[in-house]
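Text of structure_38.cif (mmCIF, C-alpha atoms, pLDDT in the B column; chains and numbers go by the auth columns) as supplied:
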```cif
data_input
#
loop_
_atom_site.group_PDB
_atom_site.id
_atom_site.type_symbol
_atom_site.label_atom_id
_atom_site.label_comp_id
_atom_site.label_asym_id
_atom_site.label_seq_id
_atom_site.Cartn_x
_atom_site.Cartn_y
_atom_site.Cartn_z
_atom_site.B_iso_or_equiv
_atom_site.auth_seq_id
_atom_site.auth_asym_id
ATOM 1 C CA MET A 1 0.000 0.000 0.000 42.00 1 A
ATOM 2 C CA ARG A 2 1.428 3.359 -1.002 48.00 2 A
ATOM 3 C CA ARG A 3 1.836 5.842 1.835 49.00 3 A
ATOM 4 C CA SER A 4 -0.265 8.432 0.025 57.00 4 A
ATOM 5 C CA THR A 5 -3.079 5.907 -0.221 83.00 5 A
ATOM 6 C CA LEU A 6 -2.731 4.956 3.445 90.00 6 A
ATOM 7 C CA ARG A 7 -2.724 8.623 4.380 90.00 7 A
ATOM 8 C CA GLU A 8 -5.937 9.222 2.447 91.00 8 A
ATOM 9 C CA GLN A 9 -7.584 6.106 3.828 92.00 9 A
ATOM 10 C CA LEU A 10 -6.683 7.087 7.374 93.00 10 A
ATOM 11 C CA ALA A 11 -8.028 10.599 6.829 93.00 11 A
ATOM 12 C CA ASP A 12 -11.297 9.150 5.487 91.00 12 A
ATOM 13 C CA ALA A 13 -11.563 6.695 8.388 92.00 13 A
ATOM 14 C CA LEU A 14 -10.841 9.366 10.987 92.00 14 A
ATOM 15 C CA ARG A 15 -13.339 11.732 9.377 92.00 15 A
ATOM 16 C CA GLU A 16 -15.986 9.030 9.699 90.00 16 A
ATOM 17 C CA GLU A 17 -14.987 8.497 13.335 88.00 17 A
ATOM 18 C CA ILE A 18 -15.398 12.211 14.023 88.00 18 A
ATOM 19 C CA LEU A 19 -18.821 12.330 12.392 88.00 19 A
ATOM 20 C CA ALA A 20 -19.840 9.189 14.266 84.00 20 A
ATOM 21 C CA GLY A 21 -18.742 10.732 17.565 78.00 21 A
ATOM 22 C CA ARG A 22 -16.415 7.842 18.300 80.00 22 A
ATOM 23 C CA LEU A 23 -13.040 9.587 18.151 75.00 23 A
ATOM 24 C CA GLY A 24 -11.803 10.567 21.584 62.00 24 A
ATOM 25 C CA PRO A 25 -14.495 10.757 24.278 57.00 25 A
ATOM 26 C CA ASP A 26 -13.087 14.120 25.374 67.00 26 A
ATOM 27 C CA GLY A 27 -12.299 15.200 21.824 74.00 27 A
ATOM 28 C CA GLU A 28 -8.536 14.983 22.382 83.00 28 A
ATOM 29 C CA PHE A 29 -6.060 12.365 21.177 85.00 29 A
ATOM 30 C CA THR A 30 -2.449 11.874 20.147 87.00 30 A
ATOM 31 C CA VAL A 31 -0.769 10.526 17.037 90.00 31 A
ATOM 32 C CA ARG A 32 0.442 7.555 19.052 91.00 32 A
ATOM 33 C CA GLU A 33 -3.060 6.648 20.211 89.00 33 A
ATOM 34 C CA ILE A 34 -4.407 6.691 16.663 91.00 34 A
ATOM 35 C CA ALA A 35 -1.417 4.746 15.304 93.00 35 A
ATOM 36 C CA GLU A 36 -1.879 2.036 17.916 93.00 36 A
ATOM 37 C CA HIS A 37 -5.621 1.873 17.270 90.00 37 A
ATOM 38 C CA TYR A 38 -5.160 1.286 13.535 92.00 38 A
ATOM 39 C CA GLY A 39 -1.933 -0.707 13.816 93.00 39 A
ATOM 40 C CA VAL A 40 0.098 1.581 11.565 94.00 40 A
ATOM 41 C CA SER A 41 3.166 3.771 11.934 93.00 41 A
ATOM 42 C CA ALA A 42 2.991 7.306 13.232 93.00 42 A
ATOM 43 C CA THR A 43 3.994 9.018 9.980 93.00 43 A
ATOM 44 C CA PRO A 44 0.843 8.397 7.875 92.00 44 A
ATOM 45 C CA VAL A 45 -1.311 9.079 10.947 93.00 45 A
ATOM 46 C CA ARG A 46 0.361 12.436 11.502 92.00 46 A
ATOM 47 C CA GLU A 47 -0.075 13.268 7.806 92.00 47 A
ATOM 48 C CA ALA A 48 -3.753 12.318 7.909 93.00 48 A
ATOM 49 C CA LEU A 49 -4.361 14.388 11.036 93.00 49 A
ATOM 50 C CA VAL A 50 -2.623 17.382 9.493 91.00 50 A
ATOM 51 C CA ASP A 51 -4.915 16.998 6.468 92.00 51 A
ATOM 52 C CA LEU A 52 -7.993 16.979 8.701 93.00 52 A
ATOM 53 C CA ALA A 53 -6.695 20.011 10.560 92.00 53 A
ATOM 54 C CA ALA A 54 -6.270 21.785 7.220 90.00 54 A
ATOM 55 C CA GLN A 55 -9.881 20.881 6.421 90.00 55 A
ATOM 56 C CA GLY A 56 -10.982 22.571 9.628 90.00 56 A
ATOM 57 C CA LEU A 57 -12.059 19.451 11.532 92.00 57 A
ATOM 58 C CA LEU A 58 -9.191 19.341 14.012 92.00 58 A
ATOM 59 C CA GLU A 59 -7.140 21.799 16.024 89.00 59 A
ATOM 60 C CA VAL A 60 -3.468 21.247 16.831 86.00 60 A
ATOM 61 C CA GLU A 61 -2.617 21.508 20.512 81.00 61 A
ATOM 62 C CA GLN A 62 1.073 22.218 20.924 75.00 62 A
ATOM 63 C CA HIS A 63 2.927 19.498 22.832 70.00 63 A
ATOM 64 C CA ARG A 64 -0.357 17.670 23.455 76.00 64 A
ATOM 65 C CA GLY A 65 -1.772 16.360 20.191 82.00 65 A
ATOM 66 C CA PHE A 66 -4.982 17.064 18.344 89.00 66 A
ATOM 67 C CA LYS A 67 -8.446 18.130 19.387 89.00 67 A
ATOM 68 C CA ILE A 68 -11.738 17.926 17.520 91.00 68 A
ATOM 69 C CA LYS A 69 -12.779 21.430 16.544 91.00 69 A
ATOM 70 C CA GLN A 70 -15.962 22.634 18.191 90.00 70 A
ATOM 71 C CA PHE A 71 -18.177 24.695 15.899 93.00 71 A
ATOM 72 C CA SER A 72 -20.670 27.225 17.223 94.00 72 A
ATOM 73 C CA LEU A 73 -24.129 27.971 15.882 96.00 73 A
ATOM 74 C CA ALA A 74 -22.684 31.180 14.411 97.00 74 A
ATOM 75 C CA ASP A 75 -20.039 29.100 12.608 97.00 75 A
ATOM 76 C CA PHE A 76 -22.771 26.850 11.244 97.00 76 A
ATOM 77 C CA ARG A 77 -24.810 29.776 9.978 97.00 77 A
ATOM 78 C CA HIS A 78 -21.746 31.248 8.270 98.00 78 A
ATOM 79 C CA MET A 79 -21.006 27.924 6.580 97.00 79 A
ATOM 80 C CA ILE A 80 -24.575 27.639 5.310 97.00 80 A
ATOM 81 C CA GLU A 81 -24.344 31.205 4.037 97.00 81 A
ATOM 82 C CA ALA A 82 -21.099 30.414 2.217 97.00 82 A
ATOM 83 C CA GLN A 83 -22.735 27.430 0.529 95.00 83 A
ATOM 84 C CA ALA A 84 -25.657 29.622 -0.492 95.00 84 A
ATOM 85 C CA LEU A 85 -23.416 32.245 -2.059 94.00 85 A
ATOM 86 C CA VAL A 86 -21.606 29.642 -4.154 93.00 86 A
ATOM 87 C CA ASN A 87 -24.796 27.880 -5.216 89.00 87 A
ATOM 88 C CA ASP A 88 -26.496 31.166 -6.074 88.00 88 A
ATOM 89 C CA GLY A 89 -23.556 32.073 -8.271 87.00 89 A
ATOM 90 C CA ILE A 90 -23.761 28.728 -10.048 83.00 90 A
ATOM 91 C CA LEU A 91 -27.497 29.067 -10.631 81.00 91 A
ATOM 92 C CA ARG A 92 -27.052 32.478 -12.187 76.00 92 A
ATOM 93 C CA ARG A 93 -24.575 31.301 -14.778 70.00 93 A
ATOM 94 C CA ARG A 94 -25.704 31.461 -18.377 51.00 94 A
ATOM 95 C CA PRO A 95 -26.971 29.197 -19.669 51.00 95 A
ATOM 96 C CA PRO A 96 -28.513 28.175 -16.333 49.00 96 A
ATOM 97 C CA LEU A 97 -26.466 25.386 -14.749 50.00 97 A
ATOM 98 C CA ASN A 98 -24.883 24.792 -18.160 51.00 98 A
ATOM 99 C CA ARG A 99 -27.658 22.172 -18.188 50.00 99 A
ATOM 100 C CA TRP A 100 -25.398 20.286 -15.736 52.00 100 A
ATOM 101 C CA ASP A 101 -24.226 18.249 -18.708 55.00 101 A
ATOM 102 C CA ALA A 102 -23.509 14.677 -17.732 59.00 102 A
ATOM 103 C CA LEU A 103 -23.762 11.166 -19.032 66.00 103 A
ATOM 104 C CA PRO A 104 -26.993 9.326 -18.127 73.00 104 A
ATOM 105 C CA GLU A 105 -25.101 6.912 -15.892 79.00 105 A
ATOM 106 C CA ALA A 106 -23.947 9.834 -13.741 83.00 106 A
ATOM 107 C CA PHE A 107 -27.546 10.677 -12.878 89.00 107 A
ATOM 108 C CA THR A 108 -28.302 7.003 -12.338 92.00 108 A
ATOM 109 C CA SER A 109 -25.688 6.948 -9.599 93.00 109 A
ATOM 110 C CA ILE A 110 -26.857 10.282 -8.173 94.00 110 A
ATOM 111 C CA ARG A 111 -30.459 9.073 -8.006 95.00 111 A
ATOM 112 C CA ARG A 112 -29.306 5.918 -6.243 96.00 112 A
ATOM 113 C CA ARG A 113 -27.499 7.997 -3.617 97.00 113 A
ATOM 114 C CA ALA A 114 -30.519 10.300 -3.356 98.00 114 A
ATOM 115 C CA THR A 115 -32.936 7.430 -2.741 98.00 115 A
ATOM 116 C CA ALA A 116 -30.702 5.893 -0.080 98.00 116 A
ATOM 117 C CA ALA A 117 -30.233 9.264 1.636 98.00 117 A
ATOM 118 C CA ARG A 118 -33.966 9.887 1.667 98.00 118 A
ATOM 119 C CA GLN A 119 -34.746 6.479 3.122 97.00 119 A
ATOM 120 C CA ALA A 120 -32.140 6.980 5.851 97.00 120 A
ATOM 121 C CA ALA A 121 -33.444 10.484 6.629 97.00 121 A
ATOM 122 C CA ILE A 122 -37.034 9.292 6.940 96.00 122 A
ATOM 123 C CA ALA A 123 -35.941 6.386 9.148 96.00 123 A
ATOM 124 C CA GLY A 124 -33.690 8.615 11.250 95.00 124 A
ATOM 125 C CA ASP A 125 -30.634 6.440 10.538 95.00 125 A
ATOM 126 C CA LEU A 126 -27.941 9.065 11.017 94.00 126 A
ATOM 127 C CA ASP A 127 -24.853 7.022 10.111 92.00 127 A
ATOM 128 C CA ILE A 128 -26.281 5.859 6.797 95.00 128 A
ATOM 129 C CA LEU A 129 -27.676 9.305 6.040 96.00 129 A
ATOM 130 C CA ILE A 130 -24.337 11.058 6.528 95.00 130 A
ATOM 131 C CA ALA A 131 -22.549 8.621 4.228 94.00 131 A
ATOM 132 C CA TYR A 132 -25.088 8.848 1.411 97.00 132 A
ATOM 133 C CA ASP A 133 -25.734 12.558 1.861 97.00 133 A
ATOM 134 C CA LEU A 134 -22.066 13.397 1.385 96.00 134 A
ATOM 135 C CA ARG A 135 -21.767 11.045 -1.605 96.00 135 A
ATOM 136 C CA PHE A 136 -24.876 12.547 -3.151 97.00 136 A
ATOM 137 C CA TRP A 137 -23.568 16.107 -2.924 96.00 137 A
ATOM 138 C CA ARG A 138 -20.084 15.121 -4.116 95.00 138 A
ATOM 139 C CA GLU A 139 -21.451 13.452 -7.240 94.00 139 A
ATOM 140 C CA LEU A 140 -23.825 16.332 -7.857 92.00 140 A
ATOM 141 C CA ASP A 141 -21.033 18.892 -7.496 91.00 141 A
ATOM 142 C CA ALA A 142 -18.849 16.847 -9.850 90.00 142 A
ATOM 143 C CA LEU A 143 -21.278 17.654 -12.670 87.00 143 A
ATOM 144 C CA LEU A 144 -20.054 21.242 -12.544 85.00 144 A
ATOM 145 C CA GLY A 145 -16.692 20.151 -13.870 84.00 145 A
ATOM 146 C CA ASN A 146 -14.889 22.425 -11.403 88.00 146 A
ATOM 147 C CA PRO A 147 -13.095 20.381 -8.712 91.00 147 A
ATOM 148 C CA HIS A 148 -12.198 23.480 -6.694 94.00 148 A
ATOM 149 C CA ILE A 149 -15.861 24.366 -6.170 93.00 149 A
ATOM 150 C CA GLY A 150 -16.669 20.760 -5.337 93.00 150 A
ATOM 151 C CA GLU A 151 -13.857 20.522 -2.788 93.00 151 A
ATOM 152 C CA PHE A 152 -14.875 23.795 -1.142 95.00 152 A
ATOM 153 C CA LEU A 153 -18.514 22.774 -0.822 95.00 153 A
ATOM 154 C CA ASP A 154 -17.618 19.280 0.394 94.00 154 A
ATOM 155 C CA ARG A 155 -15.475 20.641 3.206 94.00 155 A
ATOM 156 C CA LEU A 156 -18.258 22.956 4.293 95.00 156 A
ATOM 157 C CA ARG A 157 -20.782 20.127 4.345 96.00 157 A
ATOM 158 C CA VAL A 158 -18.477 17.895 6.381 94.00 158 A
ATOM 159 C CA ARG A 159 -18.001 20.728 8.883 95.00 159 A
ATOM 160 C CA CYS A 160 -21.748 21.281 9.027 96.00 160 A
ATOM 161 C CA TRP A 161 -22.258 17.623 9.858 95.00 161 A
ATOM 162 C CA ALA A 162 -19.477 17.872 12.467 93.00 162 A
ATOM 163 C CA PHE A 163 -21.479 20.624 14.135 94.00 163 A
ATOM 164 C CA THR A 164 -24.893 18.980 14.027 93.00 164 A
ATOM 165 C CA VAL A 165 -23.987 15.341 14.729 92.00 165 A
ATOM 166 C CA PRO A 166 -23.240 15.715 18.482 89.00 166 A
ATOM 167 C CA HIS A 167 -26.582 17.477 18.938 92.00 167 A
ATOM 168 C CA LEU A 168 -28.476 14.959 16.815 93.00 168 A
ATOM 169 C CA ARG A 169 -27.052 11.985 18.689 89.00 169 A
ATOM 170 C CA ARG A 170 -28.537 13.321 21.899 89.00 170 A
ATOM 171 C CA GLN A 171 -32.029 13.163 20.414 92.00 171 A
ATOM 172 C CA ARG A 172 -34.107 10.072 21.110 89.00 172 A
ATOM 173 C CA VAL A 173 -36.072 10.262 17.857 92.00 173 A
ATOM 174 C CA LEU A 174 -34.712 11.491 14.518 93.00 174 A
ATOM 175 C CA ALA A 175 -37.231 9.919 12.152 92.00 175 A
ATOM 176 C CA GLY A 176 -38.917 12.600 10.083 89.00 176 A
ATOM 177 C CA ARG A 177 -36.732 15.418 11.377 94.00 177 A
ATOM 178 C CA LEU A 178 -33.949 15.250 8.782 96.00 178 A
ATOM 179 C CA TRP A 179 -33.971 16.753 5.290 97.00 179 A
ATOM 180 C CA ALA A 180 -35.061 14.175 2.724 97.00 180 A
ATOM 181 C CA GLY A 181 -35.316 16.181 -0.498 97.00 181 A
ATOM 182 C CA HIS A 182 -32.405 14.548 -2.283 98.00 182 A
ATOM 183 C CA PRO A 183 -34.467 12.772 -5.006 98.00 183 A
ATOM 184 C CA ASP A 184 -36.456 15.920 -5.802 97.00 184 A
ATOM 185 C CA LEU A 185 -33.266 17.937 -6.138 96.00 185 A
ATOM 186 C CA ALA A 186 -31.661 15.297 -8.348 94.00 186 A
ATOM 187 C CA ASP A 187 -34.701 15.327 -10.643 94.00 187 A
ATOM 188 C CA ALA A 188 -34.734 19.123 -10.872 92.00 188 A
ATOM 189 C CA VAL A 189 -31.037 19.247 -11.730 89.00 189 A
ATOM 190 C CA GLU A 190 -31.348 16.496 -14.332 88.00 190 A
ATOM 191 C CA ARG A 191 -34.185 18.366 -16.027 87.00 191 A
ATOM 192 C CA GLY A 192 -32.201 21.601 -15.935 84.00 192 A
ATOM 193 C CA GLU A 193 -34.894 23.400 -13.951 88.00 193 A
ATOM 194 C CA ALA A 194 -32.965 26.277 -12.393 85.00 194 A
ATOM 195 C CA GLU A 195 -35.893 27.807 -10.489 89.00 195 A
ATOM 196 C CA GLU A 196 -36.939 24.499 -8.941 93.00 196 A
ATOM 197 C CA THR A 197 -33.328 23.698 -8.113 92.00 197 A
ATOM 198 C CA GLU A 198 -32.982 27.079 -6.418 92.00 198 A
ATOM 199 C CA ARG A 199 -36.194 26.502 -4.455 95.00 199 A
ATOM 200 C CA LEU A 200 -35.053 23.107 -3.238 96.00 200 A
ATOM 201 C CA LEU A 201 -31.621 24.400 -2.253 95.00 201 A
ATOM 202 C CA GLY A 202 -33.389 27.151 -0.315 96.00 202 A
ATOM 203 C CA ASP A 203 -35.549 24.548 1.393 97.00 203 A
ATOM 204 C CA TYR A 204 -32.426 22.584 2.274 97.00 204 A
ATOM 205 C CA ARG A 205 -30.783 25.669 3.824 96.00 205 A
ATOM 206 C CA ASP A 206 -33.906 26.729 5.714 97.00 206 A
ATOM 207 C CA HIS A 207 -34.330 23.242 7.120 97.00 207 A
ATOM 208 C CA ALA A 208 -30.680 23.088 8.202 97.00 208 A
ATOM 209 C CA LEU A 209 -30.791 26.470 9.938 97.00 209 A
ATOM 210 C CA THR A 210 -34.112 25.784 11.671 96.00 210 A
ATOM 211 C CA LEU A 211 -32.980 22.373 12.902 95.00 211 A
ATOM 212 C CA ALA A 212 -29.631 23.726 14.113 95.00 212 A
ATOM 213 C CA ALA A 213 -31.324 26.510 16.069 95.00 213 A
ATOM 214 C CA GLU A 214 -33.765 24.014 17.582 93.00 214 A
ATOM 215 C CA LEU A 215 -31.025 21.565 18.557 92.00 215 A
ATOM 216 C CA THR A 216 -28.823 24.179 20.184 90.00 216 A
ATOM 217 C CA THR A 217 -31.785 25.595 22.106 87.00 217 A
ATOM 218 C CA LEU A 218 -32.601 22.138 23.445 68.00 218 A
ATOM 219 C CA ALA A 219 -28.954 21.679 24.417 60.00 219 A
ATOM 220 C CA VAL A 220 -28.963 24.707 26.736 51.00 220 A
ATOM 221 C CA PRO A 221 -29.426 23.426 30.295 51.00 221 A
ATOM 222 C CA ARG A 222 -32.201 25.001 32.312 48.00 222 A
ATOM 223 C CA HIS A 223 -31.283 26.867 35.479 45.00 223 A
ATOM 224 C CA PRO A 224 -32.740 25.109 38.578 48.00 224 A
ATOM 225 C CA ASP A 225 -34.037 28.377 39.969 49.00 225 A
ATOM 226 C CA ARG A 226 -36.050 28.968 36.806 45.00 226 A
ATOM 227 C CA GLU A 227 -37.847 25.644 36.797 42.00 227 A
#
```

Any chance you could give the structure as structure tokens?
Amino acid sequence: MRRSTLREQLADALREEILAGRLGPDGEFTVREIAEHYGVSATPVREALVDLAAQGLLEVEQHRGFKIKQFSLADFRHMIEAQALVNDGILRRRPPLNRWDALPEAFTSIRRRATAARQAAIAGDLDILIAYDLRFWRELDALLGNPHIGEFLDRLRVRCWAFTVPHLRRQRVLAGRLWAGHPDLADAVERGEAEETERLLGDYRDHALTLAAELTTLAVPRHPDRE
């Protein structure tokens, strides 16, 4: 296995651990701990952790190791706004969306991801939803033919999940509370319907912001004297 491949695989695995809430109960860990957990040398682990830090998921603690970055509600709102600005710019290109030109098999794969994401959202299966949601958006962004835009949006979405996941995992019931509009958005994009695509993206953002505000409000402990 080439080191670059191992580095990428470790970064992917650690990203999944972060989103699953399984990496470091206190959010802190060292290169040695991760290397021992995966049975690999320290070098590719350090490289993978540096990559995740560059992506904004980790913070480097001098002489101590790494710590999972904690995002605030304000951070989340700013990330959603950044996504909106990019998407709005794309939608206003002429011709609209450039028809999102793609081979039919590309949309076949996107629809498959969309269906799986929707089923997971309706069922409240967070782990499956995160995996298919990110794949759905990555494949959709790939249709733009601009990898820099796709990479930027992907990093924002991963960070958004990193913010919401800890709050969501504290909820007893998630069924019906998660956005499930992936198939509708895929259909609108495939048909080149810019207005419908814009509406659905707006619905996605509104849902995300409303849910985030609700989750953070529920997370605020009540003062005993006020009960």

I'd like the neighbourhood of Ile34 of chain A as a PDB file with C-alpha atoms, keeping the file's coordinate frame, where a residue qualifies if any of its atoms comes within 12 Å (using all atoms listed in the file), though same-chain residues fewer than 2 positions away should be ignored.
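This went into out-v3.pdb:
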```pdb
ATOM      1  CA  LEU A  10      -6.683   7.087   7.374  1.00 93.00           C
ATOM      2  CA  ALA A  11      -8.028  10.599   6.829  1.00 93.00           C
ATOM      3  CA  ALA A  13     -11.563   6.695   8.388  1.00 92.00           C
ATOM      4  CA  LEU A  14     -10.841   9.366  10.987  1.00 92.00           C
ATOM      5  CA  GLU A  17     -14.987   8.497  13.335  1.00 88.00           C
ATOM      6  CA  LEU A  23     -13.040   9.587  18.151  1.00 75.00           C
ATOM      7  CA  GLY A  24     -11.803  10.567  21.584  1.00 62.00           C
ATOM      8  CA  GLU A  28      -8.536  14.983  22.382  1.00 83.00           C
ATOM      9  CA  PHE A  29      -6.060  12.365  21.177  1.00 85.00           C
ATOM     10  CA  THR A  30      -2.449  11.874  20.147  1.00 87.00           C
ATOM     11  CA  VAL A  31      -0.769  10.526  17.037  1.00 90.00           C
ATOM     12  CA  ARG A  32       0.442   7.555  19.052  1.00 91.00           C
ATOM     13  CA  GLU A  36      -1.879   2.036  17.916  1.00 93.00           C
ATOM     14  CA  HIS A  37      -5.621   1.873  17.270  1.00 90.00           C
ATOM     15  CA  TYR A  38      -5.160   1.286  13.535  1.00 92.00           C
ATOM     16  CA  GLY A  39      -1.933  -0.707  13.816  1.00 93.00           C
ATOM     17  CA  VAL A  40       0.098   1.581  11.565  1.00 94.00           C
ATOM     18  CA  SER A  41       3.166   3.771  11.934  1.00 93.00           C
ATOM     19  CA  ALA A  42       2.991   7.306  13.232  1.00 93.00           C
ATOM     20  CA  THR A  43       3.994   9.018   9.980  1.00 93.00           C
ATOM     21  CA  PRO A  44       0.843   8.397   7.875  1.00 92.00           C
ATOM     22  CA  VAL A  45      -1.311   9.079  10.947  1.00 93.00           C
ATOM     23  CA  ARG A  46       0.361  12.436  11.502  1.00 92.00           C
ATOM     24  CA  GLU A  47      -0.075  13.268   7.806  1.00 92.00           C
ATOM     25  CA  ALA A  48      -3.753  12.318   7.909  1.00 93.00           C
ATOM     26  CA  LEU A  49      -4.361  14.388  11.036  1.00 93.00           C
ATOM     27  CA  GLY A  65      -1.772  16.360  20.191  1.00 82.00           C
ATOM     28  CA  PHE A  66      -4.982  17.064  18.344  1.00 89.00           C
TER      29      PHE A  66
END
```

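Straight-line separation from atom CA of Phe136 of chain A to atom CA of Ile110 of chain A: 5.9 Å.
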
Would you kindly return, as a PDB file with C-alpha atoms, in the frame of the given file, each protein, DNA or RNA residue with an atom no farther than 12 Å from any atom of segment 138-150 of chain A, considering all atoms listed in the file and excluding same-chain residues fewer than 5 positions away?
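result-v1.pdb written:
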```pdb
ATOM      1  CA  ALA A  82     -21.099  30.414   2.217  1.00 97.00           C
ATOM      2  CA  GLN A  83     -22.735  27.430   0.529  1.00 95.00           C
ATOM      3  CA  LEU A  85     -23.416  32.245  -2.059  1.00 94.00           C
ATOM      4  CA  VAL A  86     -21.606  29.642  -4.154  1.00 93.00           C
ATOM      5  CA  ASN A  87     -24.796  27.880  -5.216  1.00 89.00           C
ATOM      6  CA  GLY A  89     -23.556  32.073  -8.271  1.00 87.00           C
ATOM      7  CA  ILE A  90     -23.761  28.728 -10.048  1.00 83.00           C
ATOM      8  CA  LEU A  91     -27.497  29.067 -10.631  1.00 81.00           C
ATOM      9  CA  ARG A  93     -24.575  31.301 -14.778  1.00 70.00           C
ATOM     10  CA  PRO A  96     -28.513  28.175 -16.333  1.00 49.00           C
ATOM     11  CA  LEU A  97     -26.466  25.386 -14.749  1.00 50.00           C
ATOM     12  CA  ASN A  98     -24.883  24.792 -18.160  1.00 51.00           C
ATOM     13  CA  ARG A  99     -27.658  22.172 -18.188  1.00 50.00           C
ATOM     14  CA  TRP A 100     -25.398  20.286 -15.736  1.00 52.00           C
ATOM     15  CA  ASP A 101     -24.226  18.249 -18.708  1.00 55.00           C
ATOM     16  CA  ALA A 102     -23.509  14.677 -17.732  1.00 59.00           C
ATOM     17  CA  LEU A 103     -23.762  11.166 -19.032  1.00 66.00           C
ATOM     18  CA  PRO A 104     -26.993   9.326 -18.127  1.00 73.00           C
ATOM     19  CA  GLU A 105     -25.101   6.912 -15.892  1.00 79.00           C
ATOM     20  CA  ALA A 106     -23.947   9.834 -13.741  1.00 83.00           C
ATOM     21  CA  PHE A 107     -27.546  10.677 -12.878  1.00 89.00           C
ATOM     22  CA  THR A 108     -28.302   7.003 -12.338  1.00 92.00           C
ATOM     23  CA  SER A 109     -25.688   6.948  -9.599  1.00 93.00           C
ATOM     24  CA  ILE A 110     -26.857  10.282  -8.173  1.00 94.00           C
ATOM     25  CA  ARG A 111     -30.459   9.073  -8.006  1.00 95.00           C
ATOM     26  CA  ARG A 112     -29.306   5.918  -6.243  1.00 96.00           C
ATOM     27  CA  ARG A 113     -27.499   7.997  -3.617  1.00 97.00           C
ATOM     28  CA  ALA A 114     -30.519  10.300  -3.356  1.00 98.00           C
ATOM     29  CA  ALA A 131     -22.549   8.621   4.228  1.00 94.00           C
ATOM     30  CA  TYR A 132     -25.088   8.848   1.411  1.00 97.00           C
ATOM     31  CA  ASP A 133     -25.734  12.558   1.861  1.00 97.00           C
ATOM     32  CA  ARG A 155     -15.475  20.641   3.206  1.00 94.00           C
ATOM     33  CA  LEU A 156     -18.258  22.956   4.293  1.00 95.00           C
ATOM     34  CA  ARG A 157     -20.782  20.127   4.345  1.00 96.00           C
ATOM     35  CA  VAL A 158     -18.477  17.895   6.381  1.00 94.00           C
ATOM     36  CA  HIS A 182     -32.405  14.548  -2.283  1.00 98.00           C
ATOM     37  CA  PRO A 183     -34.467  12.772  -5.006  1.00 98.00           C
ATOM     38  CA  LEU A 185     -33.266  17.937  -6.138  1.00 96.00           C
ATOM     39  CA  ALA A 186     -31.661  15.297  -8.348  1.00 94.00           C
ATOM     40  CA  ASP A 187     -34.701  15.327 -10.643  1.00 94.00           C
ATOM     41  CA  ALA A 188     -34.734  19.123 -10.872  1.00 92.00           C
ATOM     42  CA  VAL A 189     -31.037  19.247 -11.730  1.00 89.00           C
ATOM     43  CA  GLU A 190     -31.348  16.496 -14.332  1.00 88.00           C
TER      44      GLU A 190
END
```

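Across the model, the gap from atom CA of Val165 of chain A to atom CA of Ile130 of chain A is 9.3 Å.
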
| query | Using the chain letters and numbers from the file, which residues does the PyMOL selection byres ((chain A and resi 56) around 12) grab, as a ChimeraX atom specification? | reply | /A:15,49-55,57-60,66-71,75,79,152,154-160,162-163
